[in-house]
Amino acid sequence: MPIRFTRRAAMASAIAMPALAQSQPAWPTRPVRIIVPSAAGGYDTYARLMAPRLAELLGQPVVVDNRPGANGNIGMAEVQRSPADGHVLLFGHIGAITVNTAIYRNMPLDPVEDLAPIAVAVTSPLIWVVNPASPFQDMPGLVARVQAEPDRWNYANPSSGSINHLLVEDFKLRHRLVMPGVPYRGTPQAQMDVVSGQVPIMVDSLGAGWGHVSAGRVRALAVTGAQRSERLPAVPTMLELGLDAREVVAWYAFMAPRATPGAVIERMNAAVNQVLGEEAMIGRLRELGAAPRRSTPAESQAFMRAERENWGRVARAGNIVVE
C-alpha cells in the first residue's frame with residue numbers, strides 16, 4: 001500500500017533536505033542495494049516501506065534484495081564481503097545480528113563487530129498466541145495447564161535460534177515447563193499450523209501475526225512490550241501479569257560493511273531518522289503493529305552489544321545450538 005504524506009510532513013522534509021545535503025560525501029553515486037537476509041514476505045516489509053522515501057532523500061534508487069539462508073548468515077556475509085562504499089547495506093533482524101554468534105558452532109562472522117551499525121530503526125513486540133480451539137484463555141492458565149500436563153502441549157518454533165525460539169525456551173526454564181518445540185523453516189509455515197490447530201501455541205511478532213489475530217484465526221494472550229499495544233488494548237503485557245521481568249521486542253536495523261566511511265554512515269543514519277520521524281511512516285508502522293526507533297550509530301552499537309550478551313546467555317543456558 002503506498003504511503004500518502006501529509007502536507008506538514010512534506011514541508012518538514014523540504015526544510016530538512018538541505019541539512020542532509022550540506023557537507024555530505026559524494027554518495028550515493030549509483031543505486032543503493034539493501035540486503036534483507038530472509039525470505040520475502042516478512043520483516044522486509046519495513047525496508048520496502050522506507051525505500052521510496054530514502055531514494056528521494058539520497059537521490060538514487062534504493063532497492064531491497066532478499067538473500068535468505070542460514071538464519072540470516074548468508075545475507076550478512078554478502079554484505080560483509082561487499083565494497084565498503086555504502087552502496088550495499090544490510091537490513092537485518094535481532095536474531096541474525098545478535099543471537100547467531102551464540103548458537104552457531106561455525107559462525108562466519110560476528111555481525112555486531114564485523115559490520116558497521118547505522119541505525120536500529122523499527123521495533124515490534126512479540127505476542128503469545130494460541131489456536132482458538134485450544135483450552136488456553138490467558139497466560140496464567142496456559143502456564144498452569146502446561147505445568148500440570150508436561151509433554152502434552154507443543155509450541156511452533158518458526159526458526160531455530162530466532163528470538164521467538166529463545167524467548168520460549170527461556171520462559172520454559174524460568175517456569176519449569178516441559179513444552180516441546182516443533183521446528184519450522186519460517187514464520188508463515190508455523191503460523192498456518194497454529195491456525196489449523198496442528199500445534200496449539202506460538203510466539204509471533206505483532207507485525208507478522210497481526211493479520212491472523214485481527215481475523216480471529218488465533219487468540220492473543222499476552223504481549224512482551226513494556227506497555228499494552230494500541231492494536232490490542234485488551235491484551236495484557238507479560239510484565240503486568242508478573243510472568244516476565246523485562247520488556248522483549250523484535251528489532252530491525254540498518255548496517256554496512258565495517259570499513260564504510262563514517263560520513264556515509266552518518267548521512268544514511270540522518271536519512272533513516274528523517275523518514276522515521278515523518279507522520280505517514282509512523283502511522284503506517286503502527287498499522288503493522290510496529291514502531292519507529294530513531295538512534296545514532298553509536299547508540300545502535302551499544303544496544304546491539306547489550307542484546308548480544310543477553311540473548312547469548314539465554315542460548316547457553318538453554319543449550320541451544322544450530323549446526
# chains A, B, ... in the order shown; residues from 1 in each chain; ligands from 1
>>> select_by_dssp(residues="segment 128-261 of chain A", states="alpha helix (DSSP H)", output="PyMOL selection string")
chain A and resi 139-148+163-175+187-196+206-214+238-241
>>> residues_around(residues="Trp311 of chain A", least_positions_apart="2", cutoff="9 Å", atoms="only C-alpha atoms", output="PyMOL selection string")
chain A and resi 95+98-99+102+163+166-167+306-309+313-316
>>> write_last_selection(atoms="all heavy atoms", output="short mmCIF file (atom, residue, chain, number, x, y, z; two decimals), in the first residue's frame")
data_model
loop_
_atom_site.label_atom_id
_atom_site.label_comp_id
_atom_site.auth_asym_id
_atom_site.auth_seq_id
_atom_site.Cartn_x
_atom_site.Cartn_y
_atom_site.Cartn_z
N GLY A 95 17.65 -11.57 15.64
CA GLY A 95 18.20 -12.92 15.73
C GLY A 95 19.49 -13.07 14.96
O GLY A 95 20.49 -13.56 15.48
N THR A 98 22.34 -10.56 16.62
CA THR A 98 22.85 -10.71 17.99
C THR A 98 22.73 -12.11 18.58
O THR A 98 23.32 -12.35 19.64
CB THR A 98 22.13 -9.73 18.94
OG1 THR A 98 20.73 -10.04 18.98
CG2 THR A 98 22.30 -8.29 18.47
N VAL A 99 21.99 -13.01 17.95
CA VAL A 99 21.81 -14.34 18.52
C VAL A 99 22.70 -15.38 17.85
O VAL A 99 23.22 -16.30 18.50
CB VAL A 99 20.32 -14.78 18.44
CG1 VAL A 99 20.15 -16.21 18.93
CG2 VAL A 99 19.44 -13.84 19.25
N ALA A 102 25.91 -16.97 19.22
CA ALA A 102 25.82 -17.85 20.38
C ALA A 102 25.32 -19.25 20.03
O ALA A 102 25.54 -20.19 20.79
CB ALA A 102 24.90 -17.25 21.45
N ILE A 163 14.57 -15.11 17.84
CA ILE A 163 14.19 -14.51 19.11
C ILE A 163 12.95 -15.18 19.67
O ILE A 163 12.81 -15.36 20.88
CB ILE A 163 13.99 -12.98 18.94
CG1 ILE A 163 13.75 -12.31 20.29
CG2 ILE A 163 12.85 -12.68 17.99
CD1 ILE A 163 14.90 -12.40 21.24
N LEU A 166 14.20 -18.40 21.38
CA LEU A 166 14.91 -18.17 22.63
C LEU A 166 13.99 -17.67 23.73
O LEU A 166 14.13 -18.05 24.89
CB LEU A 166 16.07 -17.19 22.41
CG LEU A 166 17.42 -17.84 22.10
CD1 LEU A 166 17.38 -18.57 20.75
CD2 LEU A 166 18.55 -16.83 22.12
N LEU A 167 13.03 -16.82 23.36
CA LEU A 167 12.12 -16.32 24.37
C LEU A 167 11.33 -17.46 25.01
O LEU A 167 11.17 -17.51 26.24
CB LEU A 167 11.17 -15.29 23.74
CG LEU A 167 10.21 -14.59 24.69
CD1 LEU A 167 9.94 -13.17 24.20
CD2 LEU A 167 8.87 -15.33 24.81
N ALA A 306 24.62 -5.07 24.00
CA ALA A 306 23.87 -5.50 25.18
C ALA A 306 22.91 -6.64 24.85
O ALA A 306 22.77 -7.60 25.61
CB ALA A 306 23.11 -4.31 25.76
N GLU A 307 22.25 -6.54 23.70
CA GLU A 307 21.34 -7.60 23.27
C GLU A 307 22.10 -8.90 22.99
O GLU A 307 21.63 -9.99 23.33
CB GLU A 307 20.58 -7.17 22.02
CG GLU A 307 19.54 -6.09 22.26
CD GLU A 307 18.26 -6.66 22.87
OE1 GLU A 307 17.37 -7.05 22.11
OE2 GLU A 307 18.18 -6.72 24.11
N ARG A 308 23.27 -8.80 22.39
CA ARG A 308 24.08 -9.99 22.11
C ARG A 308 24.47 -10.69 23.41
O ARG A 308 24.39 -11.92 23.52
CB ARG A 308 25.33 -9.60 21.33
CG ARG A 308 26.24 -10.77 20.98
CD ARG A 308 27.51 -10.29 20.28
NE ARG A 308 28.24 -9.34 21.09
CZ ARG A 308 29.34 -8.71 20.71
NH1 ARG A 308 29.82 -8.91 19.50
NH2 ARG A 308 29.96 -7.85 21.51
N GLU A 309 24.84 -9.92 24.42
CA GLU A 309 25.21 -10.52 25.70
C GLU A 309 24.00 -11.18 26.36
O GLU A 309 24.10 -12.31 26.86
CB GLU A 309 25.78 -9.45 26.62
CG GLU A 309 26.18 -9.98 27.99
CD GLU A 309 26.76 -8.90 28.89
OE1 GLU A 309 26.97 -7.76 28.41
OE2 GLU A 309 26.99 -9.19 30.08
N ARG A 313 23.49 -15.35 26.64
CA ARG A 313 23.34 -16.01 27.94
C ARG A 313 22.13 -16.94 27.94
O ARG A 313 22.20 -18.08 28.46
CB ARG A 313 23.20 -14.94 29.02
CG ARG A 313 23.14 -15.48 30.44
CD ARG A 313 23.32 -14.37 31.47
NE ARG A 313 22.38 -13.27 31.25
CZ ARG A 313 22.72 -12.06 30.84
NH1 ARG A 313 24.00 -11.77 30.60
NH2 ARG A 313 21.81 -11.12 30.68
N VAL A 314 21.02 -16.50 27.35
CA VAL A 314 19.83 -17.35 27.26
C VAL A 314 20.11 -18.59 26.42
O VAL A 314 19.73 -19.71 26.79
CB VAL A 314 18.66 -16.55 26.66
CG1 VAL A 314 17.48 -17.47 26.35
CG2 VAL A 314 18.22 -15.45 27.62
N ALA A 315 20.80 -18.42 25.30
CA ALA A 315 21.09 -19.55 24.42
C ALA A 315 21.97 -20.58 25.11
O ALA A 315 21.75 -21.79 25.00
CB ALA A 315 21.76 -19.06 23.13
N ARG A 316 22.97 -20.09 25.83
CA ARG A 316 23.86 -21.03 26.54
C ARG A 316 23.13 -21.74 27.67
O ARG A 316 23.33 -22.94 27.88
CB ARG A 316 25.08 -20.27 27.06
CG ARG A 316 26.04 -19.83 25.93
CD ARG A 316 27.31 -19.22 26.49
NE ARG A 316 27.07 -17.94 27.15
CZ ARG A 316 27.08 -16.76 26.50
NH1 ARG A 316 27.32 -16.72 25.20
NH2 ARG A 316 26.85 -15.63 27.16
#
>>> closest_residue(among="A:Val64, A:Leu126, A:Ile265, A:Ala51", to="Thr224 of chain A", atoms="only C-alpha atoms")
A:Leu126
>>> residues_around(residues="Gly242 of chain A", least_positions_apart="6", cutoff="12 Å", atoms="only C-alpha atoms", output="PyMOL selection string")
chain A and resi 139-140+175+222+224+236
>>> residues_around(residues="segment 25-38 of chain A", least_positions_apart="2", cutoff="6 Å", atoms="only C-alpha atoms", output="number ranges by chain")
A: 60-68, 72, 75, 87-92
>>> write_last_selection(atoms="N, CA and C atoms", output="tab-separated table (two decimals), in the first residue's frame")
chain	number	residue	atom	x	y	z
A	60	GLN	N	19.15	8.62	-5.29
A	60	GLN	CA	19.43	7.42	-6.08
A	60	GLN	C	18.37	6.37	-5.75
A	61	PRO	N	18.09	5.45	-6.67
A	61	PRO	CA	17.16	4.36	-6.34
A	61	PRO	C	17.67	3.54	-5.15
A	62	VAL	N	16.72	3.07	-4.35
A	62	VAL	CA	17.04	2.19	-3.22
A	62	VAL	C	16.27	0.89	-3.46
A	63	VAL	N	17.00	-0.21	-3.61
A	63	VAL	CA	16.43	-1.49	-4.00
A	63	VAL	C	16.58	-2.48	-2.84
A	64	VAL	N	15.48	-3.13	-2.49
A	64	VAL	CA	15.51	-4.15	-1.43
A	64	VAL	C	15.69	-5.51	-2.07
A	65	ASP	N	16.68	-6.26	-1.58
A	65	ASP	CA	17.08	-7.53	-2.19
A	65	ASP	C	17.11	-8.62	-1.11
A	66	ASN	N	16.21	-9.60	-1.21
A	66	ASN	CA	16.16	-10.69	-0.23
A	66	ASN	C	17.25	-11.72	-0.51
A	67	ARG	N	18.01	-12.05	0.53
A	67	ARG	CA	19.05	-13.08	0.45
A	67	ARG	C	18.92	-14.01	1.66
A	68	PRO	N	17.91	-14.92	1.63
A	68	PRO	CA	17.68	-15.79	2.78
A	68	PRO	C	18.70	-16.91	2.88
A	72	GLY	N	19.96	-15.98	8.30
A	72	GLY	CA	20.49	-14.64	8.05
A	72	GLY	C	21.97	-14.59	7.75
A	75	GLY	N	23.06	-13.75	3.90
A	75	GLY	CA	22.90	-12.35	3.52
A	75	GLY	C	23.89	-11.44	4.23
A	87	HIS	N	27.12	1.35	-0.97
A	87	HIS	CA	26.13	1.01	-1.99
A	87	HIS	C	25.49	-0.36	-1.77
A	88	VAL	N	26.01	-1.14	-0.82
A	88	VAL	CA	25.38	-2.39	-0.40
A	88	VAL	C	25.27	-2.33	1.12
A	89	LEU	N	24.03	-2.35	1.61
A	89	LEU	CA	23.76	-2.24	3.04
A	89	LEU	C	22.92	-3.43	3.50
A	90	LEU	N	22.79	-3.56	4.80
A	90	LEU	CA	22.00	-4.64	5.41
A	90	LEU	C	20.80	-4.06	6.13
A	91	PHE	N	19.67	-4.75	6.03
A	91	PHE	CA	18.55	-4.51	6.94
A	91	PHE	C	18.27	-5.84	7.60
A	92	GLY	N	18.81	-6.03	8.80
A	92	GLY	CA	18.75	-7.33	9.47
A	92	GLY	C	17.90	-7.31	10.72
>>> closest_residue(among="A:Leu142, A:Val203, A:Gly289, A:Asp114", to="Pro233 of chain A", atoms="only C-alpha atoms")
A:Gly289
>>> atom_distance(atom1="atom CA of Gln198 of chain A", atom2="atom CA of Gly42 of chain A")
22.0 Å
>>> atom_distance(atom1="atom CA of Leu285 of chain A", atom2="atom CA of Gln191 of chain A")
21.1 Å
>>> closest_residue(among="A:Ser159, A:Gln147, A:Thr237, A:Ser124", to="Gly69 of chain A", atoms="only C-alpha atoms")
A:Ser159
>>> decode(residues="segment 232-268 of chain A", atoms="N, CA, C and O atoms", output="mmCIF file, in the first residue's frame")
data_model
loop_
_atom_site.group_PDB
_atom_site.id
_atom_site.type_symbol
_atom_site.label_atom_id
_atom_site.label_comp_id
_atom_site.auth_asym_id
_atom_site.auth_seq_id
_atom_site.Cartn_x
_atom_site.Cartn_y
_atom_site.Cartn_z
ATOM 1 N N LEU A 232 -3.896 -3.925 20.418
ATOM 2 C CA LEU A 232 -4.506 -4.956 21.261
ATOM 3 C C LEU A 232 -4.676 -4.424 22.682
ATOM 4 O O LEU A 232 -4.068 -4.933 23.635
ATOM 5 N N PRO A 233 -5.487 -3.406 22.864
ATOM 6 C CA PRO A 233 -5.573 -2.765 24.183
ATOM 7 C C PRO A 233 -6.109 -3.670 25.284
ATOM 8 O O PRO A 233 -5.861 -3.420 26.478
ATOM 9 N N ALA A 234 -6.846 -4.725 24.925
ATOM 10 C CA ALA A 234 -7.401 -5.625 25.940
ATOM 11 C C ALA A 234 -6.439 -6.748 26.316
ATOM 12 O O ALA A 234 -6.719 -7.517 27.241
ATOM 13 N N VAL A 235 -5.323 -6.855 25.620
ATOM 14 C CA VAL A 235 -4.378 -7.943 25.865
ATOM 15 C C VAL A 235 -3.285 -7.458 26.820
ATOM 16 O O VAL A 235 -2.590 -6.486 26.518
ATOM 17 N N PRO A 236 -3.103 -8.120 27.951
ATOM 18 C CA PRO A 236 -2.121 -7.645 28.944
ATOM 19 C C PRO A 236 -0.687 -7.907 28.508
ATOM 20 O O PRO A 236 -0.422 -8.711 27.610
ATOM 21 N N THR A 237 0.239 -7.222 29.163
ATOM 22 C CA THR A 237 1.658 -7.476 28.937
ATOM 23 C C THR A 237 2.126 -8.573 29.885
ATOM 24 O O THR A 237 1.532 -8.819 30.934
ATOM 25 N N MET A 238 3.209 -9.216 29.507
ATOM 26 C CA MET A 238 3.810 -10.217 30.381
ATOM 27 C C MET A 238 4.303 -9.578 31.675
ATOM 28 O O MET A 238 4.286 -10.202 32.740
ATOM 29 N N LEU A 239 4.717 -8.321 31.597
ATOM 30 C CA LEU A 239 5.186 -7.612 32.788
ATOM 31 C C LEU A 239 4.056 -7.426 33.792
ATOM 32 O O LEU A 239 4.226 -7.699 34.987
ATOM 33 N N GLU A 240 2.896 -6.967 33.332
ATOM 34 C CA GLU A 240 1.803 -6.730 34.277
ATOM 35 C C GLU A 240 1.229 -8.025 34.821
ATOM 36 O O GLU A 240 0.674 -8.047 35.937
ATOM 37 N N LEU A 241 1.385 -9.112 34.083
ATOM 38 C CA LEU A 241 0.950 -10.418 34.582
ATOM 39 C C LEU A 241 1.939 -11.006 35.585
ATOM 40 O O LEU A 241 1.631 -12.009 36.236
ATOM 41 N N GLY A 242 3.118 -10.409 35.683
ATOM 42 C CA GLY A 242 4.133 -10.915 36.592
ATOM 43 C C GLY A 242 4.839 -12.156 36.079
ATOM 44 O O GLY A 242 5.489 -12.874 36.845
ATOM 45 N N LEU A 243 4.742 -12.409 34.766
ATOM 46 C CA LEU A 243 5.343 -13.613 34.191
ATOM 47 C C LEU A 243 6.702 -13.352 33.552
ATOM 48 O O LEU A 243 7.404 -14.291 33.189
ATOM 49 N N ASP A 244 7.052 -12.096 33.411
ATOM 50 C CA ASP A 244 8.363 -11.749 32.894
ATOM 51 C C ASP A 244 8.826 -10.493 33.599
ATOM 52 O O ASP A 244 8.006 -9.680 34.037
ATOM 53 N N ALA A 245 10.133 -10.330 33.694
ATOM 54 C CA ALA A 245 10.683 -9.189 34.423
ATOM 55 C C ALA A 245 11.248 -8.121 33.504
ATOM 56 O O ALA A 245 11.768 -7.114 33.982
ATOM 57 N N ARG A 246 11.155 -8.317 32.192
ATOM 58 C CA ARG A 246 11.742 -7.344 31.268
ATOM 59 C C ARG A 246 10.918 -7.284 29.983
ATOM 60 O O ARG A 246 10.206 -8.218 29.644
ATOM 61 N N GLU A 247 11.073 -6.161 29.316
ATOM 62 C CA GLU A 247 10.461 -5.999 28.000
ATOM 63 C C GLU A 247 11.276 -6.777 26.974
ATOM 64 O O GLU A 247 12.500 -6.817 27.028
ATOM 65 N N VAL A 248 10.581 -7.392 26.026
ATOM 66 C CA VAL A 248 11.243 -8.067 24.906
ATOM 67 C C VAL A 248 10.597 -7.572 23.624
ATOM 68 O O VAL A 248 9.375 -7.643 23.481
ATOM 69 N N VAL A 249 11.412 -7.075 22.712
ATOM 70 C CA VAL A 249 10.893 -6.656 21.410
ATOM 71 C C VAL A 249 11.776 -7.238 20.315
ATOM 72 O O VAL A 249 12.974 -7.436 20.499
ATOM 73 N N ALA A 250 11.156 -7.525 19.196
ATOM 74 C CA ALA A 250 11.929 -7.805 17.991
ATOM 75 C C ALA A 250 12.375 -6.461 17.428
ATOM 76 O O ALA A 250 11.647 -5.475 17.522
ATOM 77 N N TRP A 251 13.567 -6.399 16.852
ATOM 78 C CA TRP A 251 14.025 -5.139 16.271
ATOM 79 C C TRP A 251 14.777 -5.408 14.967
ATOM 80 O O TRP A 251 15.261 -6.509 14.719
ATOM 81 N N TYR A 252 14.862 -4.352 14.172
ATOM 82 C CA TYR A 252 15.385 -4.459 12.814
ATOM 83 C C TYR A 252 16.283 -3.253 12.564
ATOM 84 O O TYR A 252 15.904 -2.111 12.876
ATOM 85 N N ALA A 253 17.468 -3.505 11.986
ATOM 86 C CA ALA A 253 18.482 -2.458 11.928
ATOM 87 C C ALA A 253 19.175 -2.396 10.571
ATOM 88 O O ALA A 253 19.346 -3.416 9.895
ATOM 89 N N PHE A 254 19.612 -1.198 10.210
ATOM 90 C CA PHE A 254 20.460 -0.984 9.049
ATOM 91 C C PHE A 254 21.923 -1.080 9.468
ATOM 92 O O PHE A 254 22.317 -0.515 10.496
ATOM 93 N N MET A 255 22.725 -1.795 8.650
ATOM 94 C CA MET A 255 24.157 -1.913 8.893
ATOM 95 C C MET A 255 24.890 -1.830 7.562
ATOM 96 O O MET A 255 24.275 -1.907 6.494
ATOM 97 N N ALA A 256 26.224 -1.671 7.634
ATOM 98 C CA ALA A 256 27.049 -1.532 6.443
ATOM 99 C C ALA A 256 28.329 -2.326 6.636
ATOM 100 O O ALA A 256 28.654 -2.743 7.754
ATOM 101 N N PRO A 257 29.093 -2.565 5.565
ATOM 102 C CA PRO A 257 30.413 -3.165 5.736
ATOM 103 C C PRO A 257 31.246 -2.340 6.727
ATOM 104 O O PRO A 257 31.143 -1.109 6.770
ATOM 105 N N ARG A 258 32.073 -2.995 7.505
ATOM 106 C CA ARG A 258 32.778 -2.360 8.619
ATOM 107 C C ARG A 258 33.589 -1.133 8.195
ATOM 108 O O ARG A 258 33.616 -0.122 8.913
ATOM 109 N N ALA A 259 34.254 -1.171 7.070
ATOM 110 C CA ALA A 259 35.144 -0.071 6.676
ATOM 111 C C ALA A 259 34.444 1.062 5.939
ATOM 112 O O ALA A 259 35.108 1.957 5.406
ATOM 113 N N THR A 260 33.125 1.066 5.921
ATOM 114 C CA THR A 260 32.385 2.141 5.260
ATOM 115 C C THR A 260 32.730 3.486 5.907
ATOM 116 O O THR A 260 32.756 3.591 7.133
ATOM 117 N N PRO A 261 33.019 4.521 5.123
ATOM 118 C CA PRO A 261 33.380 5.824 5.697
ATOM 119 C C PRO A 261 32.327 6.341 6.669
ATOM 120 O O PRO A 261 31.120 6.201 6.452
ATOM 121 N N GLY A 262 32.811 6.960 7.747
ATOM 122 C CA GLY A 262 31.899 7.484 8.751
ATOM 123 C C GLY A 262 30.920 8.507 8.202
ATOM 124 O O GLY A 262 29.769 8.573 8.647
ATOM 125 N N ALA A 263 31.351 9.310 7.218
ATOM 126 C CA ALA A 263 30.454 10.311 6.641
ATOM 127 C C ALA A 263 29.279 9.659 5.922
ATOM 128 O O ALA A 263 28.151 10.176 5.943
ATOM 129 N N VAL A 264 29.520 8.516 5.279
ATOM 130 C CA VAL A 264 28.441 7.785 4.619
ATOM 131 C C VAL A 264 27.476 7.221 5.661
ATOM 132 O O VAL A 264 26.248 7.303 5.512
ATOM 133 N N ILE A 265 28.034 6.638 6.717
ATOM 134 C CA ILE A 265 27.198 6.102 7.800
ATOM 135 C C ILE A 265 26.309 7.208 8.372
ATOM 136 O O ILE A 265 25.100 7.014 8.584
ATOM 137 N N GLU A 266 26.896 8.365 8.637
ATOM 138 C CA GLU A 266 26.132 9.454 9.237
ATOM 139 C C GLU A 266 25.044 9.963 8.299
ATOM 140 O O GLU A 266 23.940 10.288 8.743
ATOM 141 N N ARG A 267 25.340 10.025 7.014
ATOM 142 C CA ARG A 267 24.325 10.514 6.083
ATOM 143 C C ARG A 267 23.165 9.524 5.988
ATOM 144 O O ARG A 267 21.988 9.921 5.972
ATOM 145 N N MET A 268 23.458 8.229 5.924
ATOM 146 C CA MET A 268 22.389 7.230 5.878
ATOM 147 C C MET A 268 21.591 7.248 7.180
ATOM 148 O O MET A 268 20.362 7.146 7.170
#
